[in-house]
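So this block is final26.cif, mmCIF, C-alpha atoms:
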```cif
data_model
loop_
_atom_site.group_PDB
_atom_site.id
_atom_site.type_symbol
_atom_site.label_atom_id
_atom_site.label_comp_id
_atom_site.auth_asym_id
_atom_site.auth_seq_id
_atom_site.Cartn_x
_atom_site.Cartn_y
_atom_site.Cartn_z
ATOM 1 C CA MET A 1 -3.099 23.029 41.871
ATOM 2 C CA PRO A 2 -0.630 24.249 39.207
ATOM 3 C CA TYR A 3 1.869 25.011 41.993
ATOM 4 C CA GLN A 4 1.460 21.518 43.476
ATOM 5 C CA ALA A 5 1.848 19.922 40.052
ATOM 6 C CA HIS A 6 5.010 21.943 39.481
ATOM 7 C CA ASN A 7 6.455 20.806 42.813
ATOM 8 C CA LYS A 8 5.578 17.204 41.989
ATOM 9 C CA ILE A 9 7.512 17.421 38.730
ATOM 10 C CA ARG A 10 10.556 18.785 40.581
ATOM 11 C CA ASP A 11 10.375 15.994 43.171
ATOM 12 C CA PRO A 12 13.531 13.789 42.907
ATOM 13 C CA GLY A 13 11.518 10.586 43.279
ATOM 14 C CA PHE A 14 9.189 11.565 40.464
ATOM 15 C CA GLN A 15 12.112 12.542 38.244
ATOM 16 C CA PHE A 16 13.860 9.227 38.917
ATOM 17 C CA ALA A 17 10.685 7.273 38.085
ATOM 18 C CA ALA A 18 10.155 9.295 34.899
ATOM 19 C CA ILE A 19 13.750 8.761 33.783
ATOM 20 C CA LEU A 20 13.496 5.044 34.552
ATOM 21 C CA VAL A 21 10.290 4.639 32.551
ATOM 22 C CA MET A 22 11.609 6.620 29.586
ATOM 23 C CA SER A 23 14.849 4.643 29.664
ATOM 24 C CA LEU A 24 12.936 1.362 29.534
ATOM 25 C CA VAL A 25 10.800 2.637 26.664
ATOM 26 C CA THR A 26 13.892 3.784 24.795
ATOM 27 C CA LEU A 27 15.606 0.431 25.304
ATOM 28 C CA SER A 28 12.517 -1.406 24.064
ATOM 29 C CA ILE A 29 12.780 0.616 20.853
ATOM 30 C CA VAL A 30 16.547 0.527 20.340
ATOM 31 C CA LEU A 31 17.323 -3.071 21.349
ATOM 32 C CA PRO A 32 15.358 -4.739 18.514
ATOM 33 C CA PHE A 33 17.294 -2.695 15.942
ATOM 34 C CA LEU A 34 20.560 -3.555 17.668
ATOM 35 C CA LEU A 35 19.669 -7.259 17.748
ATOM 36 C CA LEU A 36 18.721 -7.099 14.055
ATOM 37 C CA PHE A 37 22.097 -5.608 13.118
ATOM 38 C CA LEU A 38 24.113 -7.984 15.310
ATOM 39 C CA SER A 39 22.251 -10.951 13.853
ATOM 40 C CA SER A 40 23.085 -9.764 10.351
ATOM 41 C CA ILE A 41 26.822 -9.820 11.112
ATOM 42 C CA THR A 42 26.751 -13.147 12.966
ATOM 43 C CA SER A 43 27.957 -16.274 11.212
ATOM 44 C CA GLU A 44 25.309 -18.681 9.972
ATOM 45 C CA GLN A 45 26.647 -21.516 12.126
ATOM 46 C CA ALA A 46 26.493 -19.374 15.272
ATOM 47 C CA LEU A 47 22.913 -18.361 14.494
ATOM 48 C CA LEU A 48 21.843 -21.952 13.972
ATOM 49 C CA THR A 49 23.653 -23.174 17.081
ATOM 50 C CA ASN A 50 23.067 -20.370 19.590
ATOM 51 C CA GLY A 51 20.182 -18.418 18.093
ATOM 52 C CA TYR A 52 19.968 -14.625 18.110
ATOM 53 C CA SER A 53 22.218 -12.961 20.656
ATOM 54 C CA PHE A 54 23.434 -9.519 21.658
ATOM 55 C CA PHE A 55 26.868 -11.078 22.131
ATOM 56 C CA PRO A 56 27.659 -13.088 18.975
ATOM 57 C CA LYS A 57 30.347 -15.737 19.356
ATOM 58 C CA GLU A 58 31.408 -15.531 15.729
ATOM 59 C CA PHE A 59 31.143 -12.518 13.439
ATOM 60 C CA SER A 60 30.731 -12.775 9.687
ATOM 61 C CA MET A 61 29.982 -10.389 6.810
ATOM 62 C CA ASP A 62 28.874 -13.175 4.466
ATOM 63 C CA ALA A 63 25.258 -11.985 4.506
ATOM 64 C CA TYR A 64 26.224 -8.516 3.302
ATOM 65 C CA GLY A 65 28.573 -10.101 0.784
ATOM 66 C CA TYR A 66 25.632 -12.037 -0.641
ATOM 67 C CA ILE A 67 23.617 -8.822 -0.921
ATOM 68 C CA PHE A 68 26.584 -6.953 -2.404
ATOM 69 C CA ASN A 69 26.752 -9.496 -5.214
ATOM 70 C CA SER A 70 23.310 -8.217 -6.225
ATOM 71 C CA LYS A 71 24.283 -4.558 -5.797
ATOM 72 C CA ASP A 72 23.139 -3.512 -9.288
ATOM 73 C CA LYS A 73 19.632 -4.768 -8.665
ATOM 74 C CA ILE A 74 19.596 -3.276 -5.171
ATOM 75 C CA LEU A 75 20.758 0.152 -6.347
ATOM 76 C CA ARG A 76 18.112 0.173 -9.077
ATOM 77 C CA ALA A 77 15.490 -0.902 -6.550
ATOM 78 C CA TYR A 78 16.605 1.859 -4.163
ATOM 79 C CA GLY A 79 16.301 4.391 -6.982
ATOM 80 C CA MET A 80 12.817 3.157 -7.829
ATOM 81 C CA THR A 81 11.804 3.269 -4.159
ATOM 82 C CA ILE A 82 13.046 6.846 -3.790
ATOM 83 C CA LEU A 83 11.197 7.871 -6.960
ATOM 84 C CA ILE A 84 7.963 6.231 -5.823
ATOM 85 C CA THR A 85 8.244 7.604 -2.285
ATOM 86 C CA VAL A 86 8.983 11.200 -3.318
ATOM 87 C CA THR A 87 6.407 11.306 -6.116
ATOM 88 C CA GLY A 88 3.669 9.551 -4.180
ATOM 89 C CA THR A 89 4.227 11.608 -1.030
ATOM 90 C CA ALA A 90 4.245 14.922 -2.921
ATOM 91 C CA ILE A 91 1.024 14.139 -4.783
ATOM 92 C CA SER A 92 -0.618 12.731 -1.660
ATOM 93 C CA ILE A 93 0.198 15.766 0.489
ATOM 94 C CA PHE A 94 -0.932 18.196 -2.198
ATOM 95 C CA LEU A 95 -4.285 16.426 -2.621
ATOM 96 C CA THR A 96 -4.720 16.060 1.147
ATOM 97 C CA VAL A 97 -4.196 19.786 1.720
ATOM 98 C CA LEU A 98 -6.565 20.635 -1.138
ATOM 99 C CA PHE A 99 -9.207 18.420 0.481
ATOM 100 C CA ALA A 100 -8.577 19.315 4.130
ATOM 101 C CA TYR A 101 -8.422 23.102 3.805
ATOM 102 C CA PRO A 102 -11.994 23.563 2.458
ATOM 103 C CA LEU A 103 -13.304 21.251 5.194
ATOM 104 C CA SER A 104 -11.674 23.513 7.793
ATOM 105 C CA VAL A 105 -13.608 26.539 6.515
ATOM 106 C CA LYS A 106 -16.652 27.040 8.721
ATOM 107 C CA LYS A 107 -18.857 28.574 6.019
ATOM 108 C CA LEU A 108 -18.334 25.777 3.477
ATOM 109 C CA PRO A 109 -21.753 24.616 2.160
ATOM 110 C CA GLY A 110 -22.428 20.921 2.754
ATOM 111 C CA LYS A 111 -19.426 20.611 5.055
ATOM 112 C CA ARG A 112 -21.027 18.007 7.334
ATOM 113 C CA ILE A 113 -22.127 15.799 4.461
ATOM 114 C CA ILE A 114 -18.684 15.867 2.839
ATOM 115 C CA THR A 115 -16.984 15.144 6.167
ATOM 116 C CA PHE A 116 -19.316 12.199 6.755
ATOM 117 C CA LEU A 117 -18.551 10.787 3.298
ATOM 118 C CA VAL A 118 -14.826 11.054 4.027
ATOM 119 C CA PHE A 119 -15.263 9.347 7.389
ATOM 120 C CA PHE A 120 -17.452 6.653 5.795
ATOM 121 C CA THR A 121 -14.498 5.469 3.702
ATOM 122 C CA MET A 122 -12.639 4.677 6.939
ATOM 123 C CA LEU A 123 -15.303 2.115 7.836
ATOM 124 C CA PHE A 124 -16.112 0.469 4.507
ATOM 125 C CA ASN A 125 -14.324 -0.221 1.238
ATOM 126 C CA GLY A 126 -14.924 -2.188 -1.925
ATOM 127 C CA GLY A 127 -12.678 -5.085 -0.967
ATOM 128 C CA LEU A 128 -9.417 -6.368 -2.405
ATOM 129 C CA VAL A 129 -10.754 -8.228 -5.455
ATOM 130 C CA PRO A 130 -12.967 -5.391 -6.795
ATOM 131 C CA THR A 131 -10.122 -2.950 -6.160
ATOM 132 C CA TYR A 132 -7.683 -5.130 -8.084
ATOM 133 C CA ILE A 133 -10.115 -5.503 -10.994
ATOM 134 C CA LEU A 134 -10.701 -1.748 -11.097
ATOM 135 C CA TRP A 135 -7.023 -0.803 -11.154
ATOM 136 C CA SER A 136 -5.917 -3.597 -13.480
ATOM 137 C CA ASN A 137 -8.738 -4.046 -15.996
ATOM 138 C CA TYR A 138 -10.215 -0.560 -16.200
ATOM 139 C CA LEU A 139 -7.468 1.875 -15.213
ATOM 140 C CA HIS A 140 -4.669 -0.266 -16.739
ATOM 141 C CA ILE A 141 -1.943 0.517 -14.222
ATOM 142 C CA LYS A 142 -0.599 -3.031 -14.047
ATOM 143 C CA ASP A 143 3.164 -3.263 -14.720
ATOM 144 C CA THR A 144 3.509 0.522 -14.702
ATOM 145 C CA VAL A 145 5.001 2.963 -12.215
ATOM 146 C CA TRP A 146 1.482 4.145 -11.345
ATOM 147 C CA GLY A 147 0.732 0.698 -9.998
ATOM 148 C CA LEU A 148 3.150 1.490 -7.168
ATOM 149 C CA ILE A 149 1.754 4.973 -6.501
ATOM 150 C CA LEU A 150 -2.002 5.104 -6.959
ATOM 151 C CA PRO A 151 -3.608 2.116 -5.182
ATOM 152 C CA GLY A 152 -4.346 2.476 -1.516
ATOM 153 C CA MET A 153 -2.030 5.223 -0.309
ATOM 154 C CA LEU A 154 -2.527 8.286 -2.497
ATOM 155 C CA LEU A 155 -5.292 9.813 -0.392
ATOM 156 C CA GLY A 156 -6.345 8.712 3.090
ATOM 157 C CA ALA A 157 -9.428 9.749 5.046
ATOM 158 C CA TRP A 158 -7.523 9.724 8.348
ATOM 159 C CA ASN A 159 -4.910 12.139 6.997
ATOM 160 C CA ILE A 160 -7.607 14.443 5.642
ATOM 161 C CA LEU A 161 -9.477 14.599 8.943
ATOM 162 C CA LEU A 162 -6.277 15.041 10.939
ATOM 163 C CA MET A 163 -5.103 17.907 8.746
ATOM 164 C CA ARG A 164 -8.560 19.513 8.713
ATOM 165 C CA THR A 165 -8.656 19.502 12.514
ATOM 166 C CA TYR A 166 -5.190 21.060 12.695
ATOM 167 C CA PHE A 167 -6.105 23.841 10.258
ATOM 168 C CA ALA A 168 -9.354 24.594 12.091
ATOM 169 C CA SER A 169 -7.751 24.582 15.558
ATOM 170 C CA ASN A 170 -4.409 26.306 14.992
ATOM 171 C CA ILE A 171 -4.917 28.841 12.214
ATOM 172 C CA PRO A 172 -7.032 31.802 13.434
ATOM 173 C CA ASP A 173 -10.055 32.753 11.345
ATOM 174 C CA SER A 174 -8.931 36.387 11.608
ATOM 175 C CA LEU A 175 -6.012 35.625 9.286
ATOM 176 C CA PHE A 176 -8.360 34.333 6.615
ATOM 177 C CA GLU A 177 -10.697 37.288 7.073
ATOM 178 C CA ALA A 178 -7.821 39.781 6.851
ATOM 179 C CA ALA A 179 -6.527 38.120 3.698
ATOM 180 C CA GLU A 180 -9.986 38.224 2.102
ATOM 181 C CA ILE A 181 -10.331 41.904 3.010
ATOM 182 C CA ASP A 182 -7.000 42.546 1.283
ATOM 183 C CA GLY A 183 -8.397 40.896 -1.832
ATOM 184 C CA ALA A 184 -6.660 37.525 -1.621
ATOM 185 C CA GLY A 185 -8.437 34.622 -3.266
ATOM 186 C CA GLN A 186 -8.639 31.102 -1.910
ATOM 187 C CA GLY A 187 -5.598 30.022 -3.919
ATOM 188 C CA ARG A 188 -3.493 32.841 -2.488
ATOM 189 C CA ILE A 189 -4.722 32.061 1.037
ATOM 190 C CA LEU A 190 -3.865 28.393 0.555
ATOM 191 C CA PHE A 191 -0.276 28.954 -0.570
ATOM 192 C CA SER A 192 0.526 32.076 1.511
ATOM 193 C CA ILE A 193 -1.158 31.185 4.815
ATOM 194 C CA VAL A 194 -2.235 27.554 5.030
ATOM 195 C CA PHE A 195 0.933 25.932 3.715
ATOM 196 C CA PRO A 196 3.407 27.987 5.844
ATOM 197 C CA LEU A 197 1.393 27.809 9.076
ATOM 198 C CA GLY A 198 0.451 24.177 8.525
ATOM 199 C CA LYS A 199 4.037 23.040 8.035
ATOM 200 C CA PRO A 200 4.211 20.919 11.243
ATOM 201 C CA ILE A 201 1.136 18.828 10.388
ATOM 202 C CA ILE A 202 2.081 18.686 6.708
ATOM 203 C CA VAL A 203 5.562 17.368 7.520
ATOM 204 C CA THR A 204 4.137 14.893 10.043
ATOM 205 C CA ILE A 205 1.617 13.446 7.597
ATOM 206 C CA ALA A 206 4.209 13.519 4.823
ATOM 207 C CA THR A 207 6.481 11.398 7.024
ATOM 208 C CA PHE A 208 3.716 8.862 7.677
ATOM 209 C CA THR A 209 2.897 8.750 3.971
ATOM 210 C CA ALA A 210 6.545 8.410 2.967
ATOM 211 C CA LEU A 211 7.009 5.556 5.439
ATOM 212 C CA ALA A 212 3.963 3.821 3.981
ATOM 213 C CA TYR A 213 5.346 4.144 0.455
ATOM 214 C CA TRP A 214 8.833 3.077 1.518
ATOM 215 C CA ASN A 215 7.644 -0.020 3.368
ATOM 216 C CA ASP A 216 4.935 -0.990 0.892
ATOM 217 C CA TRP A 217 5.388 -4.247 -0.967
ATOM 218 C CA THR A 218 1.781 -5.288 -1.593
ATOM 219 C CA ASN A 219 1.315 -2.960 -4.584
ATOM 220 C CA GLY A 220 4.401 -4.441 -6.204
ATOM 221 C CA LEU A 221 3.149 -7.934 -5.399
ATOM 222 C CA TYR A 222 -0.283 -7.313 -6.944
ATOM 223 C CA TYR A 223 0.430 -4.999 -9.850
ATOM 224 C CA ILE A 224 4.048 -5.671 -10.902
ATOM 225 C CA THR A 225 4.169 -9.179 -12.349
ATOM 226 C CA LYS A 226 6.301 -8.958 -15.500
ATOM 227 C CA ARG A 227 8.444 -5.811 -15.366
ATOM 228 C CA THR A 228 10.731 -6.745 -12.494
ATOM 229 C CA GLU A 229 12.884 -3.673 -13.201
ATOM 230 C CA LEU A 230 10.087 -1.705 -11.508
ATOM 231 C CA TYR A 231 10.610 -3.541 -8.223
ATOM 232 C CA THR A 232 11.088 -1.337 -5.181
ATOM 233 C CA ILE A 233 13.620 -2.304 -2.527
ATOM 234 C CA GLN A 234 10.905 -4.046 -0.495
ATOM 235 C CA ASN A 235 9.748 -6.110 -3.476
ATOM 236 C CA LEU A 236 13.301 -7.027 -4.436
ATOM 237 C CA LEU A 237 14.265 -8.051 -0.914
ATOM 238 C CA ASN A 238 11.035 -10.008 -0.562
ATOM 239 C CA ARG A 239 11.889 -11.828 -3.792
ATOM 240 C CA MET A 240 15.392 -12.593 -2.486
ATOM 241 C CA VAL A 241 13.966 -14.032 0.736
ATOM 242 C CA SER A 242 11.393 -16.045 -1.250
ATOM 243 C CA ASP A 243 14.145 -17.437 -3.480
ATOM 244 C CA LEU A 244 16.158 -18.525 -0.435
ATOM 245 C CA GLN A 245 13.111 -20.173 1.105
ATOM 246 C CA TYR A 246 12.435 -21.968 -2.184
ATOM 247 C CA LEU A 247 15.991 -23.295 -2.187
ATOM 248 C CA ILE A 248 15.631 -24.505 1.394
ATOM 249 C CA ARG A 249 12.383 -26.354 0.665
ATOM 250 C CA ASN A 250 13.734 -27.944 -2.521
ATOM 251 C CA VAL A 251 17.334 -28.602 -1.551
ATOM 252 C CA ASN A 252 16.898 -32.344 -2.210
ATOM 253 C CA LEU A 253 16.329 -31.712 -5.924
ATOM 254 C CA SER A 254 19.989 -31.301 -6.749
ATOM 255 C CA ALA A 255 23.287 -32.144 -5.056
ATOM 256 C CA SER A 256 24.990 -29.116 -6.576
ATOM 257 C CA MET A 257 22.186 -26.899 -5.308
ATOM 258 C CA ALA A 258 22.694 -28.317 -1.817
ATOM 259 C CA GLY A 259 26.359 -27.379 -1.966
ATOM 260 C CA GLU A 260 25.551 -23.833 -3.042
ATOM 261 C CA LEU A 261 22.888 -23.471 -0.381
ATOM 262 C CA ALA A 262 25.297 -24.584 2.321
ATOM 263 C CA ARG A 263 27.512 -21.605 1.489
ATOM 264 C CA ILE A 264 24.645 -19.091 1.625
ATOM 265 C CA PRO A 265 23.989 -17.576 5.086
ATOM 266 C CA THR A 266 20.225 -17.865 4.690
ATOM 267 C CA THR A 267 19.232 -16.665 8.179
ATOM 268 C CA GLY A 268 21.835 -13.894 8.232
ATOM 269 C CA VAL A 269 20.751 -12.709 4.786
ATOM 270 C CA GLN A 270 17.204 -12.207 5.988
ATOM 271 C CA MET A 271 18.462 -10.106 8.894
ATOM 272 C CA ALA A 272 20.794 -8.124 6.635
ATOM 273 C CA ILE A 273 18.004 -7.523 4.133
ATOM 274 C CA ALA A 274 15.724 -6.156 6.860
ATOM 275 C CA PHE A 275 18.502 -3.885 8.159
ATOM 276 C CA VAL A 276 19.399 -2.576 4.694
ATOM 277 C CA ALA A 277 15.757 -1.657 4.059
ATOM 278 C CA ILE A 278 15.472 0.591 7.138
ATOM 279 C CA ILE A 279 18.811 2.433 6.891
ATOM 280 C CA PRO A 280 17.474 5.450 4.893
ATOM 281 C CA ILE A 281 14.579 5.888 7.327
ATOM 282 C CA LEU A 282 16.929 5.844 10.313
ATOM 283 C CA ILE A 283 19.070 8.508 8.641
ATOM 284 C CA LEU A 284 16.190 10.784 7.627
ATOM 285 C CA PHE A 285 14.026 10.692 10.754
ATOM 286 C CA PRO A 286 16.236 12.842 13.071
ATOM 287 C CA PHE A 287 16.119 15.731 10.580
ATOM 288 C CA LEU A 288 12.303 15.805 10.716
ATOM 289 C CA GLN A 289 11.918 15.418 14.464
ATOM 290 C CA ARG A 290 11.897 19.158 15.144
ATOM 291 C CA TYR A 291 8.675 19.535 13.149
ATOM 292 C CA TYR A 292 6.932 16.974 15.366
ATOM 293 C CA SER A 293 7.939 18.887 18.505
ATOM 294 C CA LYS A 294 6.768 22.152 16.969
ATOM 295 C CA GLY A 295 3.446 20.599 16.001
ATOM 296 C CA ILE A 296 2.848 19.324 19.530
ATOM 297 C CA THR A 297 3.705 22.753 20.987
ATOM 298 C CA LEU A 298 1.413 24.623 18.627
ATOM 299 C CA GLY A 299 -1.386 22.158 19.240
ATOM 300 C CA ALA A 300 -1.084 22.543 23.022
ATOM 301 C CA VAL A 301 -1.180 26.362 23.157
ATOM 302 C CA LYS A 302 -4.679 27.782 23.374
ATOM 303 C CA GLY A 303 -5.334 31.453 23.680
#
```

Can you present the structure in this file as C-alpha cells?
Amino acid sequence: MPYQAHNKIRDPGFQFAAILVMSLVTLSIVLPFLLLFLSSITSEQALLTNGYSFFPKEFSMDAYGYIFNSKDKILRAYGMTILITVTGTAISIFLTVLFAYPLSVKKLPGKRIITFLVFFTMLFNGGLVPTYILWSNYLHIKDTVWGLILPGMLLGAWNILLMRTYFASNIPDSLFEAAEIDGAGQGRILFSIVFPLGKPIIVTIATFTALAYWNDWTNGLYYITKRTELYTIQNLLNRMVSDLQYLIRNVNLSASMAGELARIPTTGVQMAIAFVAIIPILILFPFLQRYYSKGITLGAVKG
C-alpha cells in the first residue's frame, strides 16, 4: 500500500490535478487582496461608474492622500496597536503556557475536573452586558489601556487545550523524568524544556492571538469612549469610515459640506483604509511561516 501510494503521488496526472487545485486555492486567497489594493488606487468616478475591477480605467491616489492628511493620528494609532498587540500577546502566551503545561502532566491531581472547567467556558459565558458591567463598573478599565488588553482575548480555552495536547503528544515524559532526577523543579522544567521544545505551537498560538489583538475593534468601541488618543488603528479607521458615512447621509444639511464631500473619494478611502490596516500582517507573516511547517512535521512524526 505505501508503495502504491508513492507511485500515485508520482503520477503526472495526479501531480497536474494537485497543482491545479493548489493554484486555484492560491488565487482565491491572493485575488481579493489584489482587488482591494487596485480599488484603493482607482478614481472615485471610475469606481462609481464601473464598480470594482482588476483593470481600472482611471488610477488615482486621492484616497491615500486623504489618509495621509491624518498621518499624525494614524501613526499614533499604529503605535498604540503595536503596543497593545505585543503586550497582550506576551501576557496571553505566558498565561496560556502556565495553564497548559500542568494540564499536560499525567499525574496532576484533579486534571479531568480542571480540563472540564476549561472546556465548559467554550460552551457558555456570562453574556455581553454582564461582562461589560464587570469590566467597567467593578474592574474600572474603561478609558484605559487595559480596556484594550484584558477583555475577551487574554486567555482562551481553545488555546489552552491546543497547547496542552501539543505538550502531551510531542514532549516525551522521559525528558521530564530525567530533569526531575537531576533535581530540576517545575519552574526549571518549564523554562528549559517546555518553552524551547514547544516553540512551534507557542509561535502558532502567538500569531493567532496577535492577529486577534491587531484586528480587534470591539474593545475600543465598548471601553474607549472619551480618550480617543487610545484608539488603535482599527478603531481610528472605523471612526474615519463612520465619519464619511455620516457625511454621506447628511450631505443635504449644508451646501459647503456637499462641495467638500464631492472631493472626498469615499469608496476609495474605505478600500485604502482596509489595505493600510493589513500591511503589517502581510509583512510579518512570511517570517513566521517556518514555525508552522515545523509544528506540522513534529506533530506528524510518531515513534

Next item on the list: For A:Met61, please output as JSON, numbers by chain all residues within 10 Å (counting only C-alpha atoms; exclusion window: fewer than 6 positions along the same chain).
Entry: {"A": [40, 41, 42, 43, 265, 268, 269, 272]}

Margin query: Just want the 8 Å neighbourhood of A:Thr209, counted on all atoms listed in the file, with same-chain residues fewer than 6 positions away dropped. Output as a list of chain:residue names.
Written below: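 Those residues are A:Thr89, A:Ser92, A:Met153.
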
Next item on the list: Would you kindly translate the PyMOL selection byres ((chain A and resi 208) around 12) into the concrete residues it picks from this file, as an NGL selection string?
Entry: :A and (85 or 88-89 or 92-93 or 153-154 or 156 or 158-159 or 201-207 or 209-215 or 281 or 285 or 288 or 292)

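Nearest residue to A:Lys71, choosing from A:Leu103, A:Ile233, A:Ile224, A:Glu180 and counting only C-alpha atoms: A:Ile233.
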
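Distances from A:Ile273, A:Leu108, A:Tyr223, A:Thr115 to A:Asn137 were compared using all atoms listed in the file, and the smallest one belongs to A:Tyr223.
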
Item checked: Length of the atom CA of A:Arg188 to atom CA of A:Leu175 vector [Å] ->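 Between atom CA of A:Arg188 and atom CA of A:Leu175 the gap works out to 12.4 Å.
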
Item checked: Top pick for closest residue to A:Pro32, considering A:Leu155, A:Ile19, A:Gly198, A:Ser53 and counting only C-alpha atoms -> A:Ser53

Next item on the list: Provide the atom CA of A:Thr144 to atom CA of A:Leu282 distance in Å, to one decimal place.
Entry: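 Value for the atom CA of A:Thr144-atom CA of A:Leu282 distance: 28.9 Å.
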
Notebook entry, point to check: Quick one: of A:Ala17, A:Val105, A:Val86, A:Leu31, who's nearest to A:Phe176, counting only C-alpha atoms?
Noted result: A:Val105

Checklist line | Residues matched by the PyMOL selection byres ((chain A and resi 54) around 12) as a PyMOL selection string | finding: chain A and resi 31-42+47+50-53+55-59

Item checked: Residues within 10 Å of A:Arg227, all atoms listed in the file, excluding chain neighbours under 6 positions, as a list of chain:residue names ->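 So, after excluding close chain neighbours, the residues are A:Lys142, A:Asp143, A:Thr144, A:Val145.
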
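Between A:Asn170 and the residues A:Ala157, A:Ser104, A:Leu148, A:Trp135, the shortest atom-to-atom distance, using all atoms listed in the file, involves A:Ser104.
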
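Atom CA of A:Phe14 is positioned 22.7 Å from atom CA of A:Ile29.
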